[in-house]
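Data block for entry-v5.csv (CSV, C-alpha atoms and all ligand atoms):
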chain,number,residue,atom,x,y,z
F,1,MET,CA,-15.4,10.1,30.3
F,2,ASN,CA,-18.7,9.0,31.9
F,3,GLN,CA,-19.8,6.2,29.7
F,4,SER,CA,-18.2,2.8,29.1
F,5,GLY,CA,-20.0,1.8,25.9
F,6,VAL,CA,-22.3,2.8,23.1
F,7,VAL,CA,-24.6,1.0,20.7
F,8,ILE,CA,-24.8,2.4,17.2
F,9,ARG,CA,-27.5,1.2,14.8
F,10,VAL,CA,-26.4,1.1,11.1
F,11,PRO,CA,-28.5,0.6,8.0
F,12,ALA,CA,-28.2,-1.6,4.9
F,13,LYS,CA,-28.4,0.2,1.5
F,14,VAL,CA,-30.0,-0.5,-1.8
F,15,ASN,CA,-28.7,1.2,-5.0
F,16,LEU,CA,-31.8,2.6,-6.7
F,17,SER,CA,-29.6,3.3,-9.7
F,18,LEU,CA,-26.0,2.3,-10.4
F,19,SER,CA,-24.3,3.7,-13.5
F,20,VAL,CA,-20.8,2.2,-14.1
F,21,GLY,CA,-18.3,3.9,-16.3
F,22,PRO,CA,-15.4,2.2,-18.2
F,23,LEU,CA,-12.5,0.6,-16.3
F,24,ASP,CA,-10.0,3.4,-15.7
F,25,GLU,CA,-6.2,3.1,-15.5
F,26,ASP,CA,-6.1,2.6,-11.7
F,27,GLY,CA,-8.3,-0.4,-12.1
F,28,TYR,CA,-11.5,1.3,-10.8
F,29,HIS,CA,-14.8,2.3,-12.4
F,30,GLU,CA,-16.2,5.8,-12.1
F,31,LEU,CA,-19.7,5.5,-10.7
F,32,VAL,CA,-22.9,7.6,-10.3
F,33,THR,CA,-25.2,5.8,-8.0
F,34,VAL,CA,-28.3,6.7,-5.9
F,35,PHE,CA,-28.2,5.1,-2.5
F,36,GLN,CA,-31.2,4.6,-0.2
F,37,ALA,CA,-30.7,3.5,3.4
F,38,ILE,CA,-33.3,0.9,4.4
F,39,SER,CA,-34.6,-0.4,7.7
F,40,LEU,CA,-32.5,-3.5,7.9
F,41,PHE,CA,-29.9,-2.9,10.6
F,42,ASP,CA,-26.7,-4.2,12.3
F,43,ASP,CA,-26.2,-3.0,15.9
F,44,VAL,CA,-22.6,-2.2,16.6
F,45,THR,CA,-21.5,-2.0,20.3
F,46,VAL,CA,-18.3,-0.2,21.0
F,47,LYS,CA,-17.0,-0.2,24.6
F,48,PHE,CA,-13.7,0.2,26.5
F,49,GLY,CA,-11.8,-3.1,26.7
F,50,VAL,CA,-9.8,-4.4,29.6
F,51,GLU,CA,-6.3,-3.0,29.8
F,52,GLY,CA,-3.9,-4.7,27.3
F,53,SER,CA,-6.6,-6.5,25.3
F,54,GLY,CA,-6.2,-4.3,22.2
F,55,ILE,CA,-9.0,-4.3,19.6
F,56,ALA,CA,-11.3,-7.3,20.2
F,57,LEU,CA,-14.1,-8.2,17.9
F,58,GLY,CA,-17.2,-10.5,18.3
F,59,ALA,CA,-20.3,-11.1,16.3
F,60,SER,CA,-23.8,-12.6,16.7
F,61,GLY,CA,-27.1,-12.4,14.9
F,62,SER,CA,-28.8,-14.1,12.0
F,63,THR,CA,-26.1,-13.3,9.4
F,64,ALA,CA,-23.0,-13.6,11.6
F,65,ALA,CA,-21.8,-16.9,10.3
F,66,GLY,CA,-18.8,-16.6,8.1
F,67,VAL,CA,-18.0,-13.0,9.1
F,68,PRO,CA,-14.2,-12.8,9.7
F,69,LEU,CA,-13.4,-11.8,13.3
F,70,ASP,CA,-9.8,-10.7,12.6
F,71,GLU,CA,-8.0,-7.6,11.3
F,72,THR,CA,-9.6,-8.2,7.8
F,73,ASN,CA,-13.0,-7.2,9.2
F,74,LEU,CA,-13.9,-3.7,8.1
F,75,ALA,CA,-15.1,-2.8,11.6
F,76,TYR,CA,-11.7,-3.8,13.0
F,77,LYS,CA,-9.9,-1.7,10.3
F,78,ALA,CA,-12.1,1.2,11.2
F,79,ALA,CA,-11.1,0.9,14.9
F,80,GLN,CA,-7.4,0.7,13.9
F,81,LEU,CA,-7.7,3.8,11.8
F,82,MET,CA,-9.5,5.8,14.5
F,83,VAL,CA,-6.9,4.7,17.1
F,84,SER,CA,-4.0,5.8,15.0
F,85,LYS,CA,-5.5,9.0,13.7
F,86,TYR,CA,-6.5,10.3,17.2
F,87,GLN,CA,-3.8,8.4,19.2
F,88,LEU,CA,-6.5,6.7,21.3
F,89,ASP,CA,-6.1,4.0,24.0
F,90,SER,CA,-6.5,0.9,21.8
F,91,ASP,CA,-8.3,-1.4,24.3
F,92,ILE,CA,-11.6,-1.4,22.5
F,93,ASP,CA,-14.3,-4.2,22.5
F,94,ILE,CA,-16.5,-4.3,19.4
F,95,HIS,CA,-19.6,-6.5,19.0
F,96,LEU,CA,-21.5,-6.8,15.8
F,97,ALA,CA,-25.2,-7.9,16.0
F,98,LYS,CA,-25.6,-8.7,12.4
F,99,GLU,CA,-28.9,-8.8,10.4
F,100,ILE,CA,-27.6,-7.4,7.1
F,101,PRO,CA,-26.7,-10.2,4.6
F,102,VAL,CA,-23.0,-10.8,4.2
F,103,ALA,CA,-21.6,-10.2,0.6
F,104,GLY,CA,-25.2,-9.4,-0.4
F,105,GLY,CA,-24.7,-6.1,-2.2
F,106,MET,CA,-26.1,-4.2,0.8
F,107,ALA,CA,-22.9,-2.8,2.2
F,108,GLY,CA,-23.1,-4.6,5.5
F,109,GLY,CA,-19.3,-4.5,6.2
F,110,SER,CA,-19.2,-0.8,5.3
F,111,ALA,CA,-22.2,-0.2,7.6
F,112,ASP,CA,-20.3,-1.8,10.5
F,113,ALA,CA,-17.2,0.3,9.8
F,114,ALA,CA,-19.5,3.4,9.8
F,115,GLY,CA,-20.9,2.2,13.2
F,116,VAL,CA,-17.4,1.9,14.7
F,117,ILE,CA,-16.3,5.4,13.5
F,118,VAL,CA,-19.5,7.0,15.0
F,119,GLY,CA,-19.2,4.8,18.1
F,120,ILE,CA,-15.6,5.7,18.8
F,121,ASP,CA,-16.4,9.4,18.2
F,122,ALA,CA,-19.1,9.1,20.9
F,123,LEU,CA,-17.2,7.0,23.3
F,124,TYR,CA,-14.0,9.1,23.3
F,125,GLU,CA,-16.0,12.3,23.0
F,126,LEU,CA,-14.0,13.4,19.9
F,127,GLY,CA,-16.7,15.8,18.7
F,128,LEU,CA,-16.2,15.0,15.0
F,129,SER,CA,-18.7,16.4,12.5
F,130,ARG,CA,-20.6,14.0,10.2
F,131,ASP,CA,-18.5,15.4,7.3
F,132,GLU,CA,-15.2,14.6,9.1
F,133,MET,CA,-16.4,11.1,9.9
F,134,GLN,CA,-17.5,10.5,6.3
F,135,ARG,CA,-14.0,11.6,5.1
F,136,ILE,CA,-12.4,9.1,7.5
F,137,GLY,CA,-14.9,6.4,6.2
F,138,SER,CA,-13.9,7.0,2.6
F,139,GLU,CA,-10.3,5.9,3.5
F,140,LEU,CA,-11.8,2.5,4.4
F,141,GLY,CA,-14.2,1.9,1.5
F,142,SER,CA,-16.4,3.6,-1.0
F,143,ASP,CA,-19.7,2.7,0.7
F,144,VAL,CA,-18.7,3.7,4.3
F,145,PRO,CA,-19.5,7.4,4.0
F,146,PHE,CA,-23.1,6.5,3.0
F,147,GLY,CA,-23.4,4.2,6.0
F,148,ILE,CA,-22.7,7.3,8.2
F,149,ALA,CA,-25.0,9.7,6.2
F,150,GLY,CA,-28.0,7.5,5.5
F,151,GLY,CA,-31.2,8.8,3.9
F,152,THR,CA,-31.1,9.1,0.1
F,153,ALA,CA,-28.0,10.3,-1.6
F,154,ILE,CA,-26.1,10.4,-4.9
F,155,GLY,CA,-22.6,8.9,-4.8
F,156,ARG,CA,-20.1,10.0,-7.4
F,157,GLY,CA,-16.4,9.1,-7.9
F,158,HIS,CA,-16.2,5.6,-6.5
F,159,GLY,CA,-19.6,6.2,-4.8
F,160,ASP,CA,-18.0,8.0,-1.8
F,161,GLN,CA,-18.6,11.6,-2.9
F,162,LEU,CA,-22.0,12.2,-1.5
F,163,THR,CA,-24.7,14.7,-2.2
F,164,PRO,CA,-28.1,14.4,-0.4
F,165,VAL,CA,-31.1,13.8,-2.7
F,166,LEU,CA,-34.5,15.5,-2.3
F,167,SER,CA,-36.9,12.6,-1.6
F,168,GLN,CA,-40.5,12.5,-0.4
F,169,GLY,CA,-42.4,9.7,1.2
F,170,SER,CA,-41.5,6.2,2.4
F,171,TYR,CA,-41.0,3.2,0.2
F,172,GLN,CA,-41.8,-0.4,0.9
F,173,TRP,CA,-39.2,-3.0,0.0
F,174,VAL,CA,-39.2,-6.8,-0.1
F,175,LEU,CA,-35.7,-8.3,-0.2
F,176,ALA,CA,-34.9,-11.8,-1.6
F,177,LEU,CA,-31.8,-13.2,0.1
F,178,SER,CA,-29.4,-15.8,-1.3
F,179,ASN,CA,-27.6,-18.6,0.5
F,180,SER,CA,-24.2,-17.5,-0.6
F,181,GLY,CA,-22.7,-14.1,-1.4
F,182,LEU,CA,-21.2,-12.7,-4.6
F,183,SER,CA,-17.8,-11.1,-4.5
F,184,THR,CA,-18.0,-7.4,-5.6
F,185,PRO,CA,-14.6,-7.6,-7.5
F,186,SER,CA,-15.8,-10.7,-9.4
F,187,VAL,CA,-19.1,-9.0,-10.4
F,188,TYR,CA,-17.1,-5.9,-11.7
F,189,GLY,CA,-14.8,-8.3,-13.6
F,190,GLU,CA,-17.8,-10.0,-15.2
F,191,CYS,CA,-19.2,-6.6,-16.1
F,192,ASP,CA,-15.9,-5.7,-17.9
F,193,ARG,CA,-15.9,-9.1,-19.7
F,194,LEU,CA,-19.5,-8.7,-20.9
F,195,ARG,CA,-18.7,-5.1,-22.1
F,196,GLU,CA,-15.5,-6.2,-24.1
F,197,GLY,CA,-15.4,-4.4,-27.5
F,198,MET,CA,-18.2,-2.0,-26.5
F,199,SER,CA,-17.7,1.7,-26.2
F,200,ILE,CA,-18.8,2.7,-22.7
F,201,SER,CA,-19.7,6.2,-21.9
F,202,ARG,CA,-19.1,8.1,-18.6
F,203,PRO,CA,-21.6,7.3,-15.9
F,204,SER,CA,-24.6,9.5,-15.6
F,205,ALA,CA,-27.4,10.4,-13.1
F,206,ASN,CA,-30.8,8.8,-13.7
F,207,ASP,CA,-32.9,11.9,-14.1
F,208,ALA,CA,-36.3,10.1,-14.2
F,209,LEU,CA,-35.4,8.4,-11.0
F,210,LEU,CA,-34.4,11.6,-9.3
F,211,GLN,CA,-37.7,13.2,-10.5
F,212,ALA,CA,-39.7,10.3,-9.1
F,213,LEU,CA,-38.0,10.7,-5.7
F,214,ARG,CA,-38.7,14.4,-5.6
F,215,ALA,CA,-42.3,13.7,-6.4
F,216,GLY,CA,-42.6,10.8,-4.0
F,217,ASP,CA,-44.0,8.7,-6.9
F,218,ALA,CA,-43.4,5.0,-6.1
F,219,LYS,CA,-44.8,3.8,-9.5
F,220,GLU,CA,-42.4,6.0,-11.4
F,221,LEU,CA,-39.5,5.1,-9.1
F,222,GLY,CA,-40.2,1.4,-9.7
F,223,LYS,CA,-40.1,2.0,-13.5
F,224,SER,CA,-36.8,3.9,-13.3
F,225,LEU,CA,-34.7,1.6,-11.1
F,226,SER,CA,-31.5,0.7,-12.9
F,227,ASN,CA,-28.3,-1.2,-12.3
F,228,ASP,CA,-25.4,-1.6,-14.8
F,229,LEU,CA,-24.1,-4.5,-12.7
F,230,GLN,CA,-27.3,-6.5,-13.0
F,231,SER,CA,-26.4,-8.5,-16.1
F,232,ALA,CA,-23.1,-9.4,-14.7
F,233,ALA,CA,-24.6,-10.6,-11.4
F,234,CYS,CA,-27.2,-12.6,-13.3
F,235,SER,CA,-24.5,-14.0,-15.6
F,236,LEU,CA,-22.6,-15.3,-12.5
F,237,ARG,CA,-25.8,-16.4,-10.7
F,238,PRO,CA,-28.4,-17.3,-13.4
F,239,ALA,CA,-30.9,-18.3,-10.7
F,240,LEU,CA,-31.3,-14.5,-10.0
F,241,ARG,CA,-33.4,-14.3,-13.2
F,242,LEU,CA,-36.0,-16.7,-11.7
F,243,VAL,CA,-36.1,-14.5,-8.6
F,244,LEU,CA,-36.7,-11.4,-10.7
F,245,ASP,CA,-39.5,-13.2,-12.6
F,246,VAL,CA,-41.4,-13.9,-9.3
F,247,GLY,CA,-41.4,-10.2,-8.6
F,248,HIS,CA,-42.7,-9.3,-12.1
F,249,GLU,CA,-45.4,-11.9,-11.8
F,250,TYR,CA,-46.6,-10.7,-8.4
F,251,GLY,CA,-46.9,-7.1,-9.5
F,252,ALA,CA,-43.9,-5.4,-7.9
F,253,LEU,CA,-43.5,-1.8,-9.0
F,254,GLY,CA,-39.9,-2.5,-9.8
F,255,CYS,CA,-37.2,-5.2,-9.3
F,256,ILE,CA,-33.5,-4.7,-9.1
F,257,VAL,CA,-30.4,-6.6,-8.1
F,258,SER,CA,-28.9,-4.6,-5.2
F,259,GLY,CA,-25.4,-3.3,-6.0
F,260,SER,CA,-23.3,-6.2,-6.9
F,261,GLY,CA,-25.9,-8.7,-5.7
F,262,PRO,CA,-27.0,-11.3,-5.1
F,263,THR,CA,-29.8,-9.7,-2.9
F,264,VAL,CA,-32.8,-8.8,-5.1
F,265,ALA,CA,-34.8,-5.8,-4.0
F,266,PHE,CA,-38.5,-5.4,-5.0
F,267,LEU,CA,-40.3,-2.1,-4.6
F,268,VAL,CA,-44.0,-2.7,-3.8
F,269,GLU,CA,-47.0,-0.5,-3.5
F,270,ASP,CA,-48.2,-1.2,0.0
F,271,GLU,CA,-48.1,-3.6,2.9
F,272,GLU,CA,-50.6,-6.0,1.3
F,273,ARG,CA,-48.5,-6.4,-1.8
F,274,ALA,CA,-45.4,-6.8,0.3
F,275,LEU,CA,-47.1,-9.7,2.2
F,276,ASP,CA,-48.3,-11.4,-1.1
F,277,LEU,CA,-44.8,-11.2,-2.6
F,278,THR,CA,-43.2,-12.4,0.6
F,279,VAL,CA,-45.4,-15.5,0.6
F,280,ALA,CA,-44.8,-16.0,-3.1
F,281,LEU,CA,-41.0,-15.7,-2.8
F,282,SER,CA,-40.8,-17.9,0.3
F,283,SER,CA,-42.7,-20.7,-1.4
F,284,SER,CA,-40.9,-20.4,-4.7
F,285,GLY,CA,-37.9,-22.4,-3.7
F,286,VAL,CA,-35.6,-20.0,-5.4
F,287,VAL,CA,-34.6,-17.8,-2.5
F,288,ALA,CA,-32.9,-18.5,0.9
F,289,GLY,CA,-34.9,-15.9,2.8
F,290,VAL,CA,-37.2,-12.9,2.5
F,291,VAL,CA,-37.0,-9.7,4.5
F,292,ARG,CA,-39.2,-6.6,4.4
F,293,ALA,CA,-37.9,-3.1,4.9
F,294,THR,CA,-38.8,0.5,4.4
F,295,GLY,CA,-36.6,3.4,3.2
F,296,PRO,CA,-35.2,5.9,3.4
F,297,THR,CA,-34.0,5.6,7.0
F,298,HIS,CA,-31.3,7.2,9.1
F,299,GLY,CA,-27.5,6.7,8.9
F,300,ALA,CA,-25.3,5.3,11.7
F,301,ARG,CA,-26.8,6.6,15.0
F,302,ARG,CA,-26.5,6.0,18.7
F,303,ILE,CA,-29.4,4.1,20.2
F,304,SER,CA,-28.0,3.6,23.7
F,305,SER,CA,-25.1,4.3,26.0
F,306,PHE,CA,-24.1,2.4,29.2
U,1,LIG,P1,-20.9,-4.0,-1.0
U,1,LIG,O1,-22.4,-3.8,-1.2
U,1,LIG,O2,-20.3,-2.7,-0.3
U,1,LIG,O3,-20.1,-4.4,-2.2
U,1,LIG,P2,-21.5,-6.4,0.3
U,1,LIG,O4,-22.7,-6.1,1.1
U,1,LIG,O5,-21.6,-7.2,-1.0
U,1,LIG,O6,-20.7,-5.1,0.1
U,1,LIG,P3,-20.2,-7.2,2.8
U,1,LIG,O7,-21.3,-7.8,3.6
U,1,LIG,O8,-19.7,-5.8,3.2
U,1,LIG,O9,-20.5,-7.2,1.2
U,1,LIG,O10,-19.0,-8.2,2.8
U,1,LIG,C1,-18.1,-8.5,1.8
U,1,LIG,C2,-16.9,-9.4,2.4
U,1,LIG,O11,-16.2,-8.6,3.3
U,1,LIG,C3,-17.5,-10.6,3.1
U,1,LIG,O12,-17.4,-11.7,2.3
U,1,LIG,C4,-16.6,-10.7,4.3
U,1,LIG,O13,-15.6,-11.7,4.1
U,1,LIG,C5,-15.8,-9.4,4.4
U,1,LIG,N1,-16.2,-8.6,5.6
U,1,LIG,C6,-15.3,-7.7,6.2
U,1,LIG,N2,-15.9,-7.1,7.3
U,1,LIG,C7,-17.1,-7.5,7.3
U,1,LIG,C8,-18.2,-7.2,8.2
U,1,LIG,N3,-18.1,-6.3,9.2
U,1,LIG,N4,-19.4,-7.8,7.9
U,1,LIG,C9,-19.6,-8.6,6.9
U,1,LIG,N5,-18.5,-9.0,6.1
U,1,LIG,C10,-17.3,-8.4,6.3

Kindly present the structure from the file in structure tokens form.
Amino acid sequence: MNQSGVVIRVPAKVNLSLSVGPLDEDGYHELVTVFQAISLFDDVTVKFGVEGSGIALGASGSTAAGVPLDETNLAYKAAQLMVSKYQLDSDIDIHLAKEIPVAGGMAGGSADAAGVIVGIDALYELGLSRDEMQRIGSELGSDVPFGIAGGTAIGRGHGDQLTPVLSQGSYQWVLALSNSGLSTPSVYGECDRLREGMSISRPSANDALLQALRAGDAKELGKSLSNDLQSAACSLRPALRLVLDVGHEYGALGCIVSGSGPTVAFLVEDEERALDLTVALSSSGVVAGVVRATGPTHGARRISSF
């Protein structure tokens, strides 16, 4: 082994569409979702630790506050899984430089787990294929395989069975961040509560959205963004409706709560609109922060070795 550490850059995701089926017997919902990886990244450093140190985890960056640094962290779990699967020396140092919002519906924890899997593969020269790494990722969480894959993809099952989507062009996003996160299980719980007594059909692909991506048509994409969890997220966090209103008012092509929220993603036409909306949101008093990003972008990938 001729390297002592690697840095893996991992993207956040937005769900361009999220169709949620009825609650099944094992307590899960069958999903059909279209993910897009966007240029808001965590950098995950994985290096050999000193002998006897075991798995050690640290974090820095603008969203690091409140991230657990123990065995409940998904990055830690990813390291444990790789160590036991491949019987590796377990003295591993992991550092998360976090910019992806925590509990923001952007799969930050899953992205970090994806970074650790790709990082350990590179550091220990395991030679795993992307498919193998995605299979390992799915043991940790439904969004982890997409963190490895990146780009634009349909996720079925629990979101973990991925098929790449044909997509042209690059899309401009403005993201409105919240001060505090929303727990994914509680948003699904609220969705079930709001649906009580309704007959819910199986989840389905959003054909208009897939067509818009194939054509590289941002206007059509904006019109066809959809999220079955949006009403539940807004029910738990009514202020999100005010945030969505700002986007409508400032001419966003489309506005959507990302995944289980509370981050709201606005698709805009160009840089000028992105700037206008950024200023409007920042001065509205209804958001904690605003970030701009483009998508699609790559999945977990090595940016340096040392
Ligand atoms: P998703 O979109 O996949 O539902 P999310 O973006 O809403 O996820 P995460 O940022 O992944 O949520 O974090 C959810 C919770 O998981 C956090 O509240 C935190 O306690 C815990 N967590 C575990 N590992 C991490 C990590 N590496 N980074 C951030 N949070 C983590």

Q: Calculate how many Å separate CA of Val6 (chain F) from CA of His298 (chain F), rounding to one decimal.
A: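 If I compute the distance from CA of Val6 (chain F) to CA of His298 (chain F), I get 17.2 Å.
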
Counting all atoms listed in the file, which residues of chain F sit at most 9 Å from some atom of ligand LIG 1 (chain U), and what is each one's closest atom pair with its distance in Å to one decimal, listed by chain and rising residue number, as a Markdown table?
| residue | atom | partner | partner_atom | distance |
| --- | --- | --- | --- | --- |
| F:Ala12 | CA | U:LIG1 | O4 | 8.1 |
| F:Lys13 | CA | U:LIG1 | O1 | 7.7 |
| F:Val14 | CA | U:LIG1 | O1 | 8.3 |
| F:Asn15 | CA | U:LIG1 | O1 | 8.9 |
| F:Ala59 | CA | U:LIG1 | N3 | 8.8 |
| F:Thr63 | CA | U:LIG1 | C9 | 8.4 |
| F:Ala64 | CA | U:LIG1 | C9 | 7.7 |
| F:Gly66 | CA | U:LIG1 | O13 | 7.1 |
| F:Val67 | CA | U:LIG1 | N5 | 5.0 |
| F:Pro68 | CA | U:LIG1 | O13 | 5.9 |
| F:Leu69 | CA | U:LIG1 | N2 | 8.0 |
| F:Asp70 | CA | U:LIG1 | N2 | 8.8 |
| F:Glu71 | CA | U:LIG1 | N2 | 8.9 |
| F:Thr72 | CA | U:LIG1 | C6 | 5.9 |
| F:Asn73 | CA | U:LIG1 | N2 | 3.5 |
| F:Leu74 | CA | U:LIG1 | N2 | 4.0 |
| F:Ala75 | CA | U:LIG1 | N3 | 5.2 |
| F:Tyr76 | CA | U:LIG1 | N2 | 7.8 |
| F:Lys77 | CA | U:LIG1 | N2 | 8.6 |
| F:Leu96 | CA | U:LIG1 | N3 | 7.4 |
| F:Lys98 | CA | U:LIG1 | N4 | 7.7 |
| F:Ile100 | CA | U:LIG1 | O7 | 7.2 |
| F:Pro101 | CA | U:LIG1 | O7 | 6.0 |
| F:Val102 | CA | U:LIG1 | O7 | 3.5 |
| F:Ala103 | CA | U:LIG1 | O9 | 3.3 |
| F:Gly104 | CA | U:LIG1 | O5 | 4.3 |
| F:Gly105 | CA | U:LIG1 | O1 | 3.4 |
| F:Met106 | CA | U:LIG1 | O4 | 3.9 |
| F:Ala107 | CA | U:LIG1 | O4 | 3.5 |
| F:Gly108 | CA | U:LIG1 | O7 | 4.1 |
| F:Gly109 | CA | U:LIG1 | O8 | 3.3 |
| F:Ser110 | CA | U:LIG1 | O8 | 5.4 |
| F:Ala111 | CA | U:LIG1 | N3 | 7.5 |
| F:Asp112 | CA | U:LIG1 | N3 | 5.2 |
| F:Ala113 | CA | U:LIG1 | N3 | 6.7 |
| F:Gly141 | CA | U:LIG1 | O2 | 7.8 |
| F:Ser142 | CA | U:LIG1 | O2 | 7.4 |
| F:Asp143 | CA | U:LIG1 | O2 | 5.5 |
| F:Val144 | CA | U:LIG1 | O2 | 8.0 |
| F:Gly181 | CA | U:LIG1 | O12 | 6.9 |
| F:Leu182 | CA | U:LIG1 | O5 | 6.6 |
| F:Ser183 | CA | U:LIG1 | O5 | 6.5 |
| F:Thr184 | CA | U:LIG1 | O3 | 5.0 |
| F:Pro185 | CA | U:LIG1 | O3 | 8.3 |
| F:Ser258 | CA | U:LIG1 | O1 | 7.7 |
| F:Gly259 | CA | U:LIG1 | O1 | 5.7 |
| F:Ser260 | CA | U:LIG1 | O3 | 6.0 |
| F:Gly261 | CA | U:LIG1 | O5 | 6.5 |
| F:Pro262 | CA | U:LIG1 | O5 | 7.9 |
| F:Thr263 | CA | U:LIG1 | O5 | 8.8 |

(Q) What's the separation between CA of Arg292 (chain F) and CA of Ala97 (chain F), in Å to one decimal place? (A)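 Going from CA of Arg292 (chain F) over to CA of Ala97 (chain F) covers 18.2 Å.
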
Q) If we count all atoms listed in the file, what is near region 237-248 of chain F at a cut-off of 8 Å, once residues fewer than 6 positions away on the same chain are taken out, given as an MDAnalysis selection string? A) chainID F and resid 176 254:256 262 264 266 277 280:281 284 286:287

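The gap separating CA of Ser180 (chain F) from CA of Arg193 (chain F) is 22.5 Å, in Å to one decimal.
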